[in-house]
Amino acid sequence: VKQHTRNIRNFWLLFTGPAIWWSLVLLVPYLIMLMISFYTRKFPFHVPDFQFGNYVKLIEDPQYYLVLFRSIKIAFLVGVTAFLISYPLAYCLARKISSDRWRLLLYVATIIPLWVSYLLRAYTW
């Protein structure tokens with residue numbers, strides 16, 4: 001029973017650090033954005049009055065539908081393209097290449113572009 005209690009305590013000690021970090025880095029900014037989404041914009045400030053005007057504008061304005069559709073279309077095309085390129089490469093690396101040297105070389109050639117800065121990749125894309 002004592003060992004079981006220690007295991008549970010160790011689990012919670014290991015779990016709380018990442019949970020707090022996740023809350024600070026991801027959850028808090030989303031909650032702040034959600035809160036601000038109900039504010040009114042009076043240039044250059046956001047006035048904290050609880051209203052749904054921003055969401056009504058989002059539903060009524062057809063421009064938002066066009067932007068949403070275009071974003072979903074681009075995400076779908078990028079996903080399909082990535083799958084069509086990466087699946088044959090992964091299959092080839094796992095099943096066809098028997099030389100460890102060539103396999104390592106192709107792994108490194110696949111990973112090196114990911115070392116480039118995210119901003120540089122976004123700019124060149």
# chains A, B, ... in the order shown; residues from 1 in each chain; ligands from 1
call {"tool": "select_by_dssp", "arguments": {"residues": "chain A", "states": "alpha helix (DSSP H)", "output": "number ranges by chain"}}
result
A: 2-22, 28-36, 53-60, 62-91, 100-111, 118-124
call {"tool": "residues_around", "arguments": {"residues": "A:Tyr39", "least_positions_apart": "3", "cutoff": "12 Å", "atoms": "only C-alpha atoms", "output": "number ranges by chain"}}
result
A: 32-36, 42, 45-55
call {"tool": "closest_residue", "arguments": {"among": "A:Tyr107, A:Phe11, A:Trp102, A:Phe76", "to": "A:Ala90", "atoms": "only C-alpha atoms"}}
result
A:Tyr107
call {"tool": "select_by_dssp", "arguments": {"residues": "chain A", "states": "strand (DSSP E)", "output": "JSON list (two decimals) with C-alpha atoms, in the first residue's frame"}}
result
[["chain", "number", "residue", "atom", "x", "y", "z"],
["A", 40, "THR", "CA", -16.01, 46.36, -28.22],
["A", 41, "ARG", "CA", -13.30, 48.04, -30.28],
["A", 42, "LYS", "CA", -13.02, 51.78, -29.68],
["A", 45, "PHE", "CA", -8.57, 50.36, -27.15],
["A", 46, "HIS", "CA", -10.77, 47.37, -26.41],
["A", 47, "VAL", "CA", -13.66, 48.31, -24.15]]
call {"tool": "atom_distance", "arguments": {"atom1": "atom CA of A:Trp22", "atom2": "atom CA of A:Leu114"}}
result
23.6 Å
call {"tool": "atom_distance", "arguments": {"atom1": "atom CA of A:Thr124", "atom2": "atom CA of A:Ile112"}}
result
16.1 Å
call {"tool": "atom_distance", "arguments": {"atom1": "atom CA of A:Ile111", "atom2": "atom CA of A:Ala94"}}
result
15.6 Å
call {"tool": "decode", "arguments": {"residues": "stretch 93-115 of chain A", "atoms": "N, CA and C atoms", "output": "short mmCIF file (atom, residue, chain, number, x, y, z; two decimals), in the first residue's frame"}}
result
data_model
loop_
_atom_site.label_atom_id
_atom_site.label_comp_id
_atom_site.auth_asym_id
_atom_site.auth_seq_id
_atom_site.Cartn_x
_atom_site.Cartn_y
_atom_site.Cartn_z
N LEU A 93 12.35 3.99 -47.19
CA LEU A 93 13.34 3.94 -46.12
C LEU A 93 13.16 2.70 -45.24
N ALA A 94 11.93 2.32 -44.99
CA ALA A 94 11.68 1.21 -44.09
C ALA A 94 11.84 -0.15 -44.76
N ARG A 95 11.47 -0.27 -46.04
CA ARG A 95 11.40 -1.59 -46.67
C ARG A 95 12.42 -1.85 -47.77
N LYS A 96 12.79 -0.84 -48.52
CA LYS A 96 13.57 -1.07 -49.74
C LYS A 96 15.07 -0.86 -49.57
N ILE A 97 15.48 0.08 -48.74
CA ILE A 97 16.90 0.39 -48.62
C ILE A 97 17.50 -0.49 -47.53
N SER A 98 18.42 -1.34 -47.93
CA SER A 98 19.01 -2.27 -46.96
C SER A 98 20.31 -1.74 -46.36
N SER A 99 20.97 -0.83 -47.04
CA SER A 99 22.23 -0.29 -46.55
C SER A 99 21.96 0.73 -45.43
N ASP A 100 22.55 0.48 -44.28
CA ASP A 100 22.38 1.41 -43.16
C ASP A 100 22.95 2.78 -43.46
N ARG A 101 24.01 2.81 -44.23
CA ARG A 101 24.64 4.08 -44.57
C ARG A 101 23.71 4.94 -45.43
N TRP A 102 23.12 4.36 -46.47
CA TRP A 102 22.20 5.11 -47.33
C TRP A 102 20.94 5.51 -46.56
N ARG A 103 20.45 4.61 -45.70
CA ARG A 103 19.25 4.92 -44.92
C ARG A 103 19.52 6.11 -44.01
N LEU A 104 20.66 6.11 -43.33
CA LEU A 104 21.02 7.24 -42.46
C LEU A 104 21.16 8.53 -43.26
N LEU A 105 21.79 8.44 -44.42
CA LEU A 105 21.96 9.61 -45.27
C LEU A 105 20.60 10.19 -45.69
N LEU A 106 19.66 9.34 -46.06
CA LEU A 106 18.33 9.82 -46.45
C LEU A 106 17.54 10.35 -45.25
N TYR A 107 17.70 9.74 -44.09
CA TYR A 107 17.07 10.28 -42.88
C TYR A 107 17.57 11.70 -42.60
N VAL A 108 18.87 11.87 -42.66
CA VAL A 108 19.46 13.19 -42.40
C VAL A 108 19.01 14.19 -43.46
N ALA A 109 18.97 13.77 -44.72
CA ALA A 109 18.53 14.67 -45.79
C ALA A 109 17.06 15.06 -45.62
N THR A 110 16.28 14.20 -44.98
CA THR A 110 14.88 14.51 -44.73
C THR A 110 14.73 15.47 -43.56
N ILE A 111 15.57 15.35 -42.55
CA ILE A 111 15.42 16.13 -41.33
C ILE A 111 16.10 17.50 -41.41
N ILE A 112 17.15 17.63 -42.18
CA ILE A 112 17.91 18.90 -42.23
C ILE A 112 17.03 20.10 -42.61
N PRO A 113 16.10 20.00 -43.56
CA PRO A 113 15.25 21.18 -43.84
C PRO A 113 14.42 21.64 -42.65
N LEU A 114 14.14 20.75 -41.71
CA LEU A 114 13.36 21.14 -40.54
C LEU A 114 14.18 21.98 -39.56
N TRP A 115 15.49 22.00 -39.72
CA TRP A 115 16.35 22.80 -38.86
C TRP A 115 16.32 24.27 -39.25
#
